[in-house]
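Novice: The structure that follows is given in the form of C-alpha cells.
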Amino acid sequence: MSSKQNLSLALLGVLALTGTAYADSKTKPADKATDAKAAKAAAKPEAAARHIKVGVTEAGFEPNEIQAKSGENIVLDITRVTDETCATAIVIPDQKIRVDLPLNKEVAVPVKASKVGRIAFACPMNMITGALVVTE
Ligand SMILES: [Cu+2]
C-alpha cells in the first residue's frame with residue numbers, strides 16, 4: 001500500500017472519530033470539554049518518525065549534524081562500520097539514552113526534537129560528538 005493511501009485511511013479514521021465526538025457532545029453536554037480534547041488529539045495524530053541514516057566511521061558520526069524541526073520525531077538508523085573507533089555506543093545525555101552500536105548492524109535510535117537548539121550525542125567518553133540541530 002502506498003503512503004498516500006495510508007494517509008487517506010488515516011484521515012478517514014480521524015473524520016470518523018471527530019464525528020463520533022461531535023455526536024456525543026450533543027447528548028452529553030457535561031463531557032463536551034473532554035470530547036473536544038479527544039477530537040483535537042485525534043485530528044492531530046503524532047507525525048510519523050523521520051528516519052535518518054547515520055554511519056560511524058573512522059571520521060566519527062557521519063553526518064555529525066542533523067537538522068530537525070521542533071517537536072519532530074527522529075529515528076537515527078546508525079550503522080557502525082569500523083572497529084577503529086571508541087563509538088561502540090551512542091549516548092544522548094539530554095534524553096538519558098544509551099544504545100550499543102554493534103559492528104555492521106543497523107540500530108534504530110529514536111530521538112525527539114524536544115527543544116530548540118542542539119541536542120548533543122556522543123560516544124560514551126564524549127570524544128566523538130554530533131548533534132541534532134533543532135529549529136522552530
Ligand atoms: Cu569515545
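Chain lettering (A, B, ...) mirrors the order of the C-alpha cells, residue numbering begins at 1 for each chain separately, and ligand numbering begins at 1 in order of display.
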Residues at most 12 Å from ligand 1, using only C-alpha atoms and all ligand atoms? Could they come as a list in words?
Specialist: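 Answer in the requested format: Val56, Glu58, Gly60, Phe61, Glu84, Thr85, Cys86, Ala87, Thr88, Ala89, Ile90, Val91, Phe121, Ala122, Cys123, Pro124, Met125, Asn126, Met127, Ile128 and Thr129 of chain A.
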Novice: What is the distance, in Å and to one decimal place, between CA of Ser70 (chain A) and CA of Gly130 (chain A)?
Specialist: 17.6 Å
Novice: Restricting the calculation to only C-alpha atoms, which member of A:Thr57, A:Asn73, A:Thr135, A:Asn64 is positioned closest to Leu103 (chain A)?
Specialist: A:Thr57
Novice: Which residues are near Val133 (chain A)? Cut-off 9 Å, only C-alpha atoms, ignore same chain within fewer than 5 positions. Put them as a ChimeraX atom specification.
Specialist: /A:65-69,113,116-120
Novice: How about saving the chosen residues, N, CA and C atoms kept, as a compact mmCIF listing (two decimals), in the first residue's frame?
Specialist:
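Ended up saving to result-v6.txt:
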```txt
# COMPACT_ATOMS: atom_id res chain seq x y z
N GLU A 65 25.96 16.40 12.12
CA GLU A 65 24.92 17.38 12.45
C GLU A 65 23.68 17.04 11.64
N ILE A 66 22.57 16.96 12.33
CA ILE A 66 21.31 16.58 11.69
C ILE A 66 20.27 17.66 12.01
N GLN A 67 19.71 18.22 10.96
CA GLN A 67 18.72 19.29 11.14
C GLN A 67 17.35 18.68 11.44
N ALA A 68 16.64 19.30 12.37
CA ALA A 68 15.28 18.83 12.68
C ALA A 68 14.41 20.02 13.06
N LYS A 69 13.11 19.82 12.92
CA LYS A 69 12.15 20.84 13.34
C LYS A 69 11.69 20.50 14.76
N ALA A 113 12.95 15.68 18.93
CA ALA A 113 13.46 17.06 18.85
C ALA A 113 12.69 17.89 19.86
N VAL A 116 14.34 23.56 21.05
CA VAL A 116 15.09 24.27 20.02
C VAL A 116 16.54 24.38 20.49
N GLY A 117 17.45 24.16 19.58
CA GLY A 117 18.87 24.24 19.93
C GLY A 117 19.55 22.92 19.60
N ARG A 118 20.67 22.67 20.25
CA ARG A 118 21.44 21.47 19.96
C ARG A 118 21.14 20.38 20.98
N ILE A 119 20.81 19.20 20.48
CA ILE A 119 20.68 18.03 21.34
C ILE A 119 21.89 17.17 20.99
N ALA A 120 22.84 17.16 21.91
CA ALA A 120 24.13 16.53 21.62
C ALA A 120 24.05 15.02 21.72
```
Novice: A:Leu132, A:Gly71, A:Gly55, A:Ser114: which is nearest Leu101 (chain A), counting only C-alpha atoms?
Specialist: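 Looking only at the distances to Leu101 (chain A), the closest residue turns out to be A:Gly55.
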